[in-house]
$ cat model_3.txt   # compact mmCIF, C-alpha atoms
# COMPACT_ATOMS: atom_id res chain seq x y z
CA MET A 1 28.92 3.60 -3.08
CA SER A 2 30.81 0.56 -4.28
CA SER A 3 27.75 -1.49 -5.14
CA GLN A 4 24.05 -1.15 -5.76
CA ALA A 5 20.87 -3.15 -5.32
CA PRO A 6 19.78 -5.05 -8.44
CA ALA A 7 17.59 -3.33 -11.00
CA LEU A 8 13.88 -3.14 -10.24
CA ILE A 9 12.71 -6.00 -12.46
CA PRO A 10 15.14 -8.60 -11.04
CA MET A 11 14.07 -7.55 -7.54
CA LEU A 12 10.41 -8.01 -8.44
CA GLN A 13 11.19 -11.40 -9.96
CA GLY A 14 13.04 -12.48 -6.82
CA LEU A 15 10.29 -11.40 -4.44
CA ILE A 16 7.40 -12.89 -6.41
CA GLY A 17 9.37 -16.11 -6.95
CA SER A 18 9.96 -16.64 -3.21
CA LEU A 19 7.15 -18.53 -1.50
CA SER A 20 6.20 -16.78 1.75
CA VAL A 21 2.57 -17.64 2.45
CA SER A 22 1.41 -17.01 6.01
CA SER A 23 -1.68 -18.68 7.39
CA ILE A 24 -3.26 -19.53 10.71
CA THR A 25 -3.57 -23.06 9.23
CA PRO A 26 -0.16 -24.70 9.80
CA ALA A 27 -0.38 -26.79 6.62
CA TYR A 28 -0.39 -23.61 4.51
CA ASP A 29 2.07 -21.57 6.55
CA HIS A 30 5.62 -20.96 5.28
CA SER A 31 8.72 -19.17 6.47
CA ASN A 32 9.34 -15.65 5.18
CA ARG A 33 13.11 -16.00 5.56
CA PRO A 34 13.79 -16.44 1.80
CA VAL A 35 12.26 -12.98 1.22
CA ILE A 36 14.06 -11.50 4.23
CA ASP A 37 17.39 -12.85 2.97
CA LEU A 38 16.87 -11.33 -0.48
CA LEU A 39 15.96 -7.95 0.94
CA ALA A 40 18.85 -8.01 3.40
CA GLY A 41 21.34 -8.54 0.60
CA TRP A 42 19.86 -5.83 -1.61
CA LEU A 43 19.68 -3.27 1.20
CA ALA A 44 23.23 -3.99 2.33
CA ALA A 45 24.42 -3.52 -1.26
CA ALA A 46 22.60 -0.18 -1.33
CA GLY A 47 24.48 1.04 1.75
CA PHE A 48 21.80 0.44 4.40
CA ARG A 49 22.59 -0.88 7.87
CA VAL A 50 20.63 -4.13 7.96
CA GLU A 51 19.06 -5.76 11.00
CA VAL A 52 17.21 -9.07 10.86
CA LEU A 53 14.86 -9.04 13.84
CA PRO A 54 13.72 -12.49 15.08
CA ILE A 55 10.11 -12.86 16.19
CA PRO A 56 9.76 -14.49 19.62
CA GLY A 57 8.03 -17.85 19.41
CA HIS A 58 8.32 -18.02 15.62
CA PRO A 59 11.83 -19.19 14.73
CA ASP A 60 11.14 -19.42 11.00
CA LYS A 61 9.85 -15.84 10.75
CA ALA A 62 11.62 -12.48 10.99
CA ASN A 63 11.25 -8.76 10.41
CA LEU A 64 13.93 -6.77 8.63
CA LEU A 65 14.97 -3.16 9.11
CA GLY A 66 17.32 -1.36 6.76
CA THR A 67 18.49 2.10 7.84
CA LEU A 68 20.29 4.73 5.81
CA GLY A 69 21.57 7.69 7.83
CA ARG A 70 21.46 8.33 11.55
CA GLY A 71 19.61 10.35 14.11
CA PRO A 72 16.11 10.54 15.58
CA GLY A 73 12.97 10.85 13.51
CA GLY A 74 13.03 10.12 9.83
CA LEU A 75 10.82 8.15 7.48
CA VAL A 76 9.87 4.47 7.39
CA LEU A 77 8.73 2.85 4.13
CA SER A 78 7.06 -0.38 5.20
CA GLY A 79 5.72 -3.49 3.54
CA HIS A 80 4.89 -7.03 4.59
CA THR A 81 6.78 -9.98 3.16
CA ASP A 82 3.99 -12.56 3.25
CA THR A 83 1.06 -13.40 1.00
CA VAL A 84 -2.20 -15.23 1.45
CA PRO A 85 -2.50 -18.89 0.37
CA PHE A 86 -3.35 -19.48 -3.29
CA ASN A 87 -5.09 -22.03 -5.48
CA GLU A 88 -2.76 -22.47 -8.45
CA PRO A 89 -5.27 -24.15 -10.84
CA LEU A 90 -7.39 -20.98 -10.76
CA TRP A 91 -4.50 -18.83 -12.04
CA SER A 92 -3.94 -18.11 -15.72
CA HIS A 93 -0.27 -17.41 -14.96
CA ASP A 94 2.25 -19.04 -12.64
CA PRO A 95 1.56 -17.33 -9.27
CA LEU A 96 5.22 -17.69 -8.25
CA LYS A 97 6.66 -16.15 -11.41
CA LEU A 98 6.56 -12.49 -12.40
CA THR A 99 4.73 -12.47 -15.73
CA GLU A 100 4.27 -9.41 -17.93
CA SER A 101 1.09 -9.39 -20.02
CA GLN A 102 -1.27 -6.70 -21.33
CA GLY A 103 0.43 -3.89 -19.44
CA ARG A 104 0.41 -5.74 -16.13
CA TYR A 105 2.76 -7.70 -13.91
CA TYR A 106 1.01 -10.84 -12.71
CA GLY A 107 2.09 -12.83 -9.67
CA LEU A 108 1.30 -13.55 -6.04
CA GLY A 109 2.16 -10.43 -4.05
CA THR A 110 2.38 -8.01 -6.97
CA ALA A 111 -0.45 -5.86 -5.60
CA ASP A 112 -0.48 -7.00 -1.98
CA MET A 113 2.31 -6.08 -1.48
CA LYS A 114 5.80 -7.42 -2.13
CA SER A 115 6.24 -5.06 -5.08
CA PHE A 116 6.24 -2.07 -2.73
CA LEU A 117 9.42 -3.28 -1.04
CA ALA A 118 11.28 -3.44 -4.36
CA LEU A 119 9.93 -0.02 -5.33
CA ALA A 120 11.07 1.46 -2.00
CA ILE A 121 14.60 0.16 -2.54
CA ASP A 122 14.61 1.45 -6.11
CA ALA A 123 13.34 4.87 -5.00
CA ALA A 124 16.32 5.14 -2.64
CA ARG A 125 18.81 4.20 -5.34
CA GLY A 126 21.86 6.46 -5.34
CA LEU A 127 21.22 8.00 -1.93
CA ARG A 128 24.13 8.28 0.49
CA ALA A 129 23.84 8.41 4.26
CA ALA A 130 25.78 11.66 4.25
CA ASP A 131 23.06 13.25 2.09
CA LEU A 132 20.31 12.68 4.66
CA LYS A 133 19.34 15.07 7.41
CA GLN A 134 16.99 12.45 8.85
CA PRO A 135 17.29 8.68 8.39
CA LEU A 136 15.42 6.61 5.83
CA MET A 137 14.25 3.18 6.98
CA ILE A 138 12.86 0.34 4.88
CA LEU A 139 10.93 -2.10 7.03
CA ALA A 140 9.78 -5.58 5.97
CA THR A 141 7.43 -7.43 8.32
CA ALA A 142 6.16 -10.98 8.77
CA ASP A 143 2.71 -12.51 9.01
CA GLU A 144 0.57 -9.46 8.20
CA GLU A 145 -1.87 -11.69 6.32
CA SER A 146 -2.45 -14.00 9.28
CA ALA A 147 -1.78 -12.91 12.87
CA MET A 148 0.42 -9.83 12.36
CA HIS A 149 3.14 -11.42 14.47
CA GLY A 150 5.77 -9.17 12.91
CA ALA A 151 4.15 -5.82 13.66
CA ARG A 152 3.00 -7.02 17.09
CA ALA A 153 6.58 -8.04 17.94
CA LEU A 154 7.85 -4.59 16.97
CA ALA A 155 5.19 -2.89 19.10
CA GLU A 156 5.79 -5.15 22.08
CA ALA A 157 9.55 -4.59 21.88
CA GLY A 158 8.87 -0.85 22.04
CA ARG A 159 11.86 0.11 19.96
CA PRO A 160 11.43 3.55 18.40
CA LEU A 161 11.68 3.66 14.61
CA GLY A 162 10.99 6.73 12.48
CA ARG A 163 8.59 9.53 13.26
CA TYR A 164 6.59 9.02 10.06
CA ALA A 165 5.69 5.91 8.08
CA VAL A 166 4.20 5.02 4.72
CA ILE A 167 2.71 1.52 4.48
CA GLY A 168 2.47 0.42 0.85
CA GLU A 169 -0.80 -1.52 1.06
CA PRO A 170 -2.91 -1.49 -2.13
CA THR A 171 -4.75 1.84 -2.23
CA GLY A 172 -4.48 2.64 -5.94
CA LEU A 173 -2.00 5.44 -5.12
CA ARG A 174 -4.60 7.32 -3.09
CA PRO A 175 -3.59 8.28 0.45
CA VAL A 176 -5.44 6.67 3.36
CA ARG A 177 -5.19 7.91 6.93
CA THR A 178 -7.81 5.84 8.73
CA HIS A 179 -9.14 2.30 8.70
CA LYS A 180 -11.52 0.18 10.68
CA GLY A 181 -10.46 -2.36 13.26
CA VAL A 182 -10.91 -6.06 12.60
CA MET A 183 -12.21 -8.59 15.10
CA GLY A 184 -13.03 -12.28 14.74
CA GLU A 185 -15.16 -13.81 17.49
CA ALA A 186 -16.33 -17.37 18.17
CA VAL A 187 -19.64 -17.79 20.00
CA ARG A 188 -20.27 -21.29 21.37
CA LEU A 189 -23.38 -22.70 23.02
CA ILE A 190 -23.46 -26.13 24.64
CA GLY A 191 -26.75 -27.83 25.41
CA ARG A 192 -27.65 -31.51 25.72
CA SER A 193 -28.15 -34.00 22.90
CA GLY A 194 -31.02 -36.45 22.81
CA HIS A 195 -33.43 -38.30 20.55
CA ALA A 196 -35.11 -35.94 18.08
CA SER A 197 -38.52 -37.59 18.65
CA ASP A 198 -38.90 -35.87 22.01
CA PRO A 199 -37.58 -32.29 22.55
CA SER A 200 -37.73 -32.78 26.33
CA LEU A 201 -34.90 -35.32 26.14
CA GLY A 202 -32.30 -32.62 25.38
CA ASN A 203 -31.57 -28.92 25.16
CA ASN A 204 -31.05 -27.79 21.58
CA ALA A 205 -27.96 -25.58 21.20
CA LEU A 206 -28.83 -24.79 17.57
CA VAL A 207 -32.21 -23.37 18.59
CA GLY A 208 -30.44 -21.39 21.28
CA MET A 209 -27.97 -20.07 18.71
CA HIS A 210 -30.89 -18.92 16.56
CA GLU A 211 -32.03 -16.77 19.46
CA ALA A 212 -28.48 -15.58 20.18
CA LEU A 213 -27.96 -14.65 16.53
CA THR A 214 -31.21 -12.70 16.57
CA ALA A 215 -29.90 -10.75 19.58
CA ILE A 216 -26.56 -10.15 17.85
CA LEU A 217 -28.25 -8.85 14.70
CA ALA A 218 -30.40 -6.53 16.79
CA TRP A 219 -27.18 -5.20 18.36
CA ARG A 220 -25.74 -4.76 14.86
CA ASP A 221 -28.73 -2.58 13.95
CA GLU A 222 -28.23 -0.51 17.09
CA LEU A 223 -24.56 0.08 16.21
CA VAL A 224 -25.54 1.29 12.72
CA HIS A 225 -27.49 4.13 14.31
CA SER A 226 -25.24 4.89 17.29
CA HIS A 227 -21.80 4.98 15.63
CA ARG A 228 -21.03 6.79 12.37
CA HIS A 229 -17.86 7.96 10.67
CA PRO A 230 -18.44 9.85 7.41
CA ALA A 231 -14.96 9.11 6.01
CA PHE A 232 -15.89 5.49 5.31
CA ALA A 233 -17.90 4.23 2.34
CA VAL A 234 -19.70 2.02 4.89
CA PRO A 235 -19.87 4.66 7.64
CA TYR A 236 -20.87 2.38 10.53
CA PRO A 237 -19.42 -0.70 12.25
CA THR A 238 -20.40 -4.02 10.71
CA ILE A 239 -21.01 -7.49 12.13
CA ASN A 240 -20.99 -10.38 9.67
CA PRO A 241 -22.05 -13.90 10.70
CA GLY A 242 -19.67 -15.84 8.46
CA HIS A 243 -19.65 -19.43 9.73
CA ILE A 244 -21.96 -21.63 11.79
CA HIS A 245 -21.89 -25.30 12.66
CA GLY A 246 -23.92 -27.35 15.07
CA GLY A 247 -24.89 -30.94 15.69
CA ASP A 248 -24.10 -34.06 13.71
CA ASN A 249 -27.34 -35.68 12.58
CA PRO A 250 -30.93 -34.57 11.99
CA ASN A 251 -32.35 -37.26 14.30
CA ARG A 252 -30.32 -35.98 17.28
CA ILE A 253 -31.04 -32.89 19.31
CA CYS A 254 -28.13 -30.53 18.68
CA GLY A 255 -25.89 -30.48 21.73
CA ASP A 256 -23.22 -28.02 20.55
CA CYS A 257 -23.28 -25.05 18.16
CA GLU A 258 -20.59 -22.56 17.19
CA LEU A 259 -20.91 -19.26 15.32
CA HIS A 260 -18.02 -17.19 13.92
CA LEU A 261 -18.40 -13.44 13.51
CA ASP A 262 -16.40 -10.77 11.68
CA LEU A 263 -16.60 -7.29 13.20
CA ARG A 264 -15.26 -4.14 11.52
CA VAL A 265 -15.13 -1.36 14.07
CA LEU A 266 -14.67 2.39 13.77
CA PRO A 267 -11.87 4.51 15.23
CA GLY A 268 -12.70 5.32 18.84
CA MET A 269 -14.34 1.93 19.48
CA ASP A 270 -12.52 -0.41 21.86
CA PRO A 271 -12.44 -4.09 20.81
CA ALA A 272 -12.40 -5.17 24.47
CA ASP A 273 -15.61 -3.25 25.15
CA LEU A 274 -17.27 -4.73 22.09
CA ARG A 275 -16.30 -8.26 23.09
CA ALA A 276 -17.72 -7.65 26.56
CA GLU A 277 -21.02 -6.43 25.09
CA LEU A 278 -21.19 -9.42 22.75
CA ALA A 279 -20.61 -11.74 25.71
CA ARG A 280 -23.32 -10.00 27.73
CA ARG A 281 -25.90 -10.51 24.99
CA VAL A 282 -24.96 -14.14 24.44
CA ALA A 283 -25.01 -14.80 28.18
CA GLU A 284 -28.57 -13.45 28.48
CA VAL A 285 -29.82 -15.96 25.92
CA ALA A 286 -27.76 -18.84 27.31
CA GLN A 287 -28.90 -18.30 30.89
CA ARG A 288 -32.52 -18.01 29.84
CA ARG A 289 -32.28 -21.31 27.95
CA GLY A 290 -30.05 -23.19 30.40
CA LEU A 291 -27.11 -23.41 27.98
CA THR A 292 -23.38 -23.22 28.65
CA TRP A 293 -21.78 -20.42 26.63
CA SER A 294 -18.45 -18.89 25.66
CA VAL A 295 -17.24 -15.95 23.56
CA GLU A 296 -13.59 -16.13 22.50
CA PRO A 297 -11.47 -14.28 19.93
CA LEU A 298 -10.54 -16.19 16.78
CA PHE A 299 -7.39 -14.05 16.62
CA ARG A 300 -5.94 -11.06 18.40
CA SER A 301 -7.93 -8.09 17.20
CA ILE A 302 -6.51 -5.43 14.90
CA PRO A 303 -7.40 -2.04 16.37
CA PRO A 304 -8.79 0.78 14.24
CA VAL A 305 -6.49 3.68 13.43
CA GLU A 306 -6.89 7.33 12.52
CA THR A 307 -3.88 9.50 11.77
CA PRO A 308 -4.77 13.18 12.36
CA ALA A 309 -5.74 15.07 9.24
CA ASP A 310 -3.14 17.74 10.02
CA SER A 311 -0.26 15.29 10.38
CA LEU A 312 2.69 16.22 8.19
CA ILE A 313 2.72 12.76 6.60
CA VAL A 314 -0.96 13.11 5.67
CA ARG A 315 -0.47 16.59 4.29
CA ALA A 316 2.57 15.44 2.31
CA GLY A 317 0.64 12.50 0.87
CA GLU A 318 -2.21 14.76 -0.19
CA ALA A 319 0.16 17.29 -1.76
CA LEU A 320 2.14 14.65 -3.64
CA THR A 321 -0.90 12.75 -4.97
CA GLY A 322 -3.40 15.57 -5.38
CA HIS A 323 -6.01 13.52 -3.48
CA ALA A 324 -7.53 14.03 -0.06
CA ALA A 325 -6.65 11.28 2.40
CA GLY A 326 -9.46 8.78 2.74
CA ALA A 327 -10.52 5.70 4.66
CA VAL A 328 -10.63 1.94 4.04
CA SER A 329 -12.37 -0.93 5.77
CA PHE A 330 -9.48 -3.40 5.65
CA GLY A 331 -6.90 -3.63 8.42
CA THR A 332 -3.19 -2.81 8.28
CA GLU A 333 -0.19 -2.69 10.60
CA ALA A 334 -0.71 1.05 11.22
CA PRO A 335 -2.16 0.73 14.76
CA PHE A 336 0.96 -1.13 15.89
CA PHE A 337 3.14 1.59 14.38
CA ASP A 338 1.05 4.10 16.30
CA ARG A 339 2.09 2.37 19.51
CA LEU A 340 5.70 3.10 18.54
CA GLY A 341 4.96 6.80 18.21
CA MET A 342 4.81 6.94 14.42
CA GLU A 343 2.28 8.87 12.37
CA THR A 344 1.29 6.64 9.49
CA LEU A 345 -0.10 7.00 5.99
CA ILE A 346 -1.26 4.03 3.91
CA LEU A 347 -0.40 4.45 0.24
CA GLY A 348 0.55 1.87 -2.34
CA PRO A 349 0.33 1.15 -6.08
CA GLY A 350 -1.81 -2.00 -6.00
CA ASP A 351 -5.60 -2.28 -6.06
CA ILE A 352 -7.46 -3.99 -3.23
CA ALA A 353 -9.96 -5.38 -5.76
CA VAL A 354 -7.31 -7.76 -7.15
CA ALA A 355 -5.67 -8.62 -3.82
CA HIS A 356 -6.26 -12.15 -2.46
CA GLN A 357 -7.51 -13.16 -5.92
CA PRO A 358 -6.27 -15.49 -8.66
CA ASP A 359 -4.31 -13.56 -11.31
CA GLU A 360 -3.35 -10.80 -8.89
CA PHE A 361 -1.57 -8.05 -10.81
CA LEU A 362 0.09 -4.65 -10.70
CA GLU A 363 -0.41 -2.18 -13.52
CA LEU A 364 2.93 -1.29 -15.12
CA ALA A 365 1.67 2.28 -15.45
CA ARG A 366 1.61 2.55 -11.65
CA ILE A 367 5.37 2.02 -11.30
CA PRO A 368 6.72 5.44 -12.45
CA PRO A 369 4.28 7.49 -10.32
CA THR A 370 4.97 5.27 -7.31
CA LEU A 371 8.70 5.87 -7.61
CA GLU A 372 8.06 9.60 -8.00
CA LEU A 373 5.85 9.62 -4.88
CA LEU A 374 8.35 7.69 -2.78
CA ARG A 375 11.16 9.98 -3.85
CA GLY A 376 8.93 12.91 -2.91
CA PHE A 377 8.44 11.51 0.60
CA ILE A 378 12.17 10.84 0.93
CA ARG A 379 12.97 14.36 -0.20
CA ARG A 380 10.55 15.97 2.26
CA PHE A 381 11.26 13.84 5.33
CA CYS A 382 14.89 12.79 4.91
CA LEU A 383 16.70 15.21 2.60
CA ASP A 384 14.84 18.42 3.49
CA ALA A 385 13.97 16.97 6.93
CA ILE A 386 10.59 18.50 7.70
CA ILE A 387 10.40 19.01 11.47
CA PRO A 388 7.07 19.49 13.27
CA PRO A 389 6.70 22.94 14.86
CA GLU A 390 6.65 21.51 18.39
CA LYS A 391 10.00 19.83 17.74
CA ALA A 392 11.69 22.59 15.78
CA ASN A 393 13.63 23.95 18.74
CA ASN A 394 13.56 20.90 20.96
CA ASP A 395 14.70 17.82 19.04
CA PRO A 396 15.67 14.90 21.29
$ encode --input "model_3.txt" --output "structure tokens"
Amino acid sequence: MSSQAPALIPMLQGLIGSLSVSSITPAYDHSNRPVIDLLAGWLAAAGFRVEVLPIPGHPDKANLLGTLGRGPGGLVLSGHTDTVPFNEPLWSHDPLKLTESQGRYYGLGTADMKSFLALAIDAARGLRAADLKQPLMILATADEESAMHGARALAEAGRPLGRYAVIGEPTGLRPVRTHKGVMGEAVRLIGRSGHASDPSLGNNALVGMHEALTAILAWRDELVHSHRHPAFAVPYPTINPGHIHGGDNPNRICGDCELHLDLRVLPGMDPADLRAELARRVAEVAQRRGLTWSVEPLFRSIPPVETPADSLIVRAGEALTGHAAGAVSFGTEAPFFDRLGMETLILGPGDIAVAHQPDEFLELARIPPTLELLRGFIRRFCLDAIIPPEKANNDP
């Protein structure tokens, strides 16, 4: 190879120093193209074929795919290019500057999860396409922290990628094969305002919402007993009432009330069915009280995912780390990769406890084992080219 990607530290500095916040609030949302452009240059220098993949309807956002080698199957190392918004006065260090202190790298995206992209490129350093029996792909996506436009665009395009994927979300270097789905739902009741001195002059939407919330919490208790998954620390689906607003003045009967819910659902549960059941329970209350009602998603739901325990990528992750694959309650892009036919493991060097927090950091001690793990995956799935038994004599 005539050239190489930069050393690891300059890559980390470049990624952390490039603002790429994504948010459903337009005032906070930024393009991810500065990060995409950096990665494209580094991957091209490392000998990868680079594709910048526009996202329909989002001209300032893009995914990036770098491919080394050719052929079907192979391994995808995937990370998202965006971060959550941040409140700079709460940081002890500049959030947009990689800062080393007390055995840690501080900066926005160090744990969640720009660092993984630099580590993936560094782990592939020195590889040649001719060395690979199956291709290695490094994928960088947009908007994971907001609406997952990047992963959704890949799934909707239906373009096959690799057979196996590792998503470098913060798991503390412990493999994860399953996570809950994430739903956000808005429940709205509309009544009739009136003078507070006489309840008969209106129809109080806030009182109606009290009754609706009681019904929702009763449903939550039912779900605790009817759906269990022992892999999760919280082994049942959860419903969290996180936001409520109604009315405008205490001397007016409340004419309009809105409740926002967070639902974390187990593998095997269908978000569409859950939304229908939520609507049914709200409708019962609304009809009984003569209120207009609606139930609408706050965002497109993130489905749950469960990669089979006997998947080769799961078994490789367990063998390389020495830990059994577990479960997490946060969402990832894995269900969209599933739609593309990939079997996915979630495994990254950051810690979820410091993600989305001021003074986010990555332990320096995590870097060498992460590189060793990624090289182990590359060796197994690209250099040695593990082939599933059902494909051994029938590769496409």
$ residues_around --input "model_3.txt" --residues "Val295 in chain A" --least-positions-apart "4" --cutoff "12 Å" --atoms "only C-alpha atoms" --output "PyMOL selection string"
chain A and resi 184-190+212+258-261+272+274-283+286
$ closest_residue --input "model_3.txt" --among "A:Trp42, A:Phe86, A:Tyr105, A:Phe232" --to "Asp29 in chain A" --atoms "all atoms listed in the file"
A:Phe86
$ residues_near_point --input "model_3.txt" --point "(11.1, 13.5, 5.6)" --cutoff "10 Å" --atoms "only C-alpha atoms" --output "number ranges by chain"
A: 73-76, 132-136, 162-165, 312-313, 316, 376-387
$ write_last_selection --input "model_3.txt" --atoms "C-alpha atoms" --output "PDB file, in the coordinates of the input"
ATOM      1  CA  GLY A  73      12.970  10.850  13.510  1.00  0.00           C
ATOM      2  CA  GLY A  74      13.030  10.120   9.830  1.00  0.00           C
ATOM      3  CA  LEU A  75      10.820   8.150   7.480  1.00  0.00           C
ATOM      4  CA  VAL A  76       9.870   4.470   7.390  1.00  0.00           C
ATOM      5  CA  LEU A 132      20.310  12.680   4.660  1.00  0.00           C
ATOM      6  CA  LYS A 133      19.340  15.070   7.410  1.00  0.00           C
ATOM      7  CA  GLN A 134      16.990  12.450   8.850  1.00  0.00           C
ATOM      8  CA  PRO A 135      17.290   8.680   8.390  1.00  0.00           C
ATOM      9  CA  LEU A 136      15.420   6.610   5.830  1.00  0.00           C
ATOM     10  CA  GLY A 162      10.990   6.730  12.480  1.00  0.00           C
ATOM     11  CA  ARG A 163       8.590   9.530  13.260  1.00  0.00           C
ATOM     12  CA  TYR A 164       6.590   9.020  10.060  1.00  0.00           C
ATOM     13  CA  ALA A 165       5.690   5.910   8.080  1.00  0.00           C
ATOM     14  CA  LEU A 312       2.690  16.220   8.190  1.00  0.00           C
ATOM     15  CA  ILE A 313       2.720  12.760   6.600  1.00  0.00           C
ATOM     16  CA  ALA A 316       2.570  15.440   2.310  1.00  0.00           C
ATOM     17  CA  GLY A 376       8.930  12.910  -2.910  1.00  0.00           C
ATOM     18  CA  PHE A 377       8.440  11.510   0.600  1.00  0.00           C
ATOM     19  CA  ILE A 378      12.170  10.840   0.930  1.00  0.00           C
ATOM     20  CA  ARG A 379      12.970  14.360  -0.200  1.00  0.00           C
ATOM     21  CA  ARG A 380      10.550  15.970   2.260  1.00  0.00           C
ATOM     22  CA  PHE A 381      11.260  13.840   5.330  1.00  0.00           C
ATOM     23  CA  CYS A 382      14.890  12.790   4.910  1.00  0.00           C
ATOM     24  CA  LEU A 383      16.700  15.210   2.600  1.00  0.00           C
ATOM     25  CA  ASP A 384      14.840  18.420   3.490  1.00  0.00           C
ATOM     26  CA  ALA A 385      13.970  16.970   6.930  1.00  0.00           C
ATOM     27  CA  ILE A 386      10.590  18.500   7.700  1.00  0.00           C
ATOM     28  CA  ILE A 387      10.400  19.010  11.470  1.00  0.00           C
TER      29      ILE A 387
END
$ closest_atom_pairs --input "model_3.txt" --of "range 35-122 of chain A" --to "range 340-353 of chain A" --cutoff "8 Å" --atoms "all atoms listed in the file" --output "Markdown table"
| residue | atom | partner | partner_atom | distance |
| --- | --- | --- | --- | --- |
| A:Thr110 | CA | A:Gly350 | CA | 7.4 |
| A:Ala111 | CA | A:Gly350 | CA | 4.1 |
| A:Asp112 | CA | A:Gly350 | CA | 6.6 |
| A:Met113 | CA | A:Gly350 | CA | 7.4 |
| A:Phe116 | CA | A:Gly348 | CA | 6.9 |
$ atom_distance --input "model_3.txt" --atom1 "CA of Pro72 in chain A" --atom2 "CA of Ala129 in chain A"
13.9 Å
$ build_atoms --input "model_3.txt" --residues "range 371-383 of chain A" --atoms "N, CA and C atoms" --output "CSV table (one decimal), keeping the file's coordinate frame"
chain,number,residue,atom,x,y,z
A,371,LEU,N,7.3,5.5,-7.9
A,371,LEU,CA,8.7,5.9,-7.6
A,371,LEU,C,8.8,7.4,-7.4
A,372,GLU,N,8.0,8.1,-8.2
A,372,GLU,CA,8.1,9.6,-8.0
A,372,GLU,C,7.5,10.0,-6.6
A,373,LEU,N,6.4,9.3,-6.2
A,373,LEU,CA,5.8,9.6,-4.9
A,373,LEU,C,6.8,9.3,-3.8
A,374,LEU,N,7.4,8.1,-3.8
A,374,LEU,CA,8.4,7.7,-2.8
A,374,LEU,C,9.6,8.6,-2.7
A,375,ARG,N,10.0,9.0,-3.9
A,375,ARG,CA,11.2,10.0,-3.8
A,375,ARG,C,10.7,11.3,-3.3
A,376,GLY,N,9.5,11.7,-3.5
A,376,GLY,CA,8.9,12.9,-2.9
A,376,GLY,C,8.9,12.8,-1.4
A,377,PHE,N,8.4,11.7,-0.9
A,377,PHE,CA,8.4,11.5,0.6
A,377,PHE,C,9.9,11.6,1.1
A,378,ILE,N,10.8,10.9,0.5
A,378,ILE,CA,12.2,10.8,0.9
A,378,ILE,C,12.8,12.3,0.9
A,379,ARG,N,12.5,13.0,-0.1
A,379,ARG,CA,13.0,14.4,-0.2
A,379,ARG,C,12.4,15.2,1.0
A,380,ARG,N,11.2,15.1,1.2
A,380,ARG,CA,10.6,16.0,2.3
A,380,ARG,C,11.0,15.6,3.7
A,381,PHE,N,11.1,14.3,3.9
A,381,PHE,CA,11.3,13.8,5.3
A,381,PHE,C,12.7,13.4,5.7
A,382,CYS,N,13.5,13.2,4.7
A,382,CYS,CA,14.9,12.8,4.9
A,382,CYS,C,15.9,13.8,4.4
A,383,LEU,N,15.7,14.3,3.2
A,383,LEU,CA,16.7,15.2,2.6
A,383,LEU,C,16.4,16.6,3.1
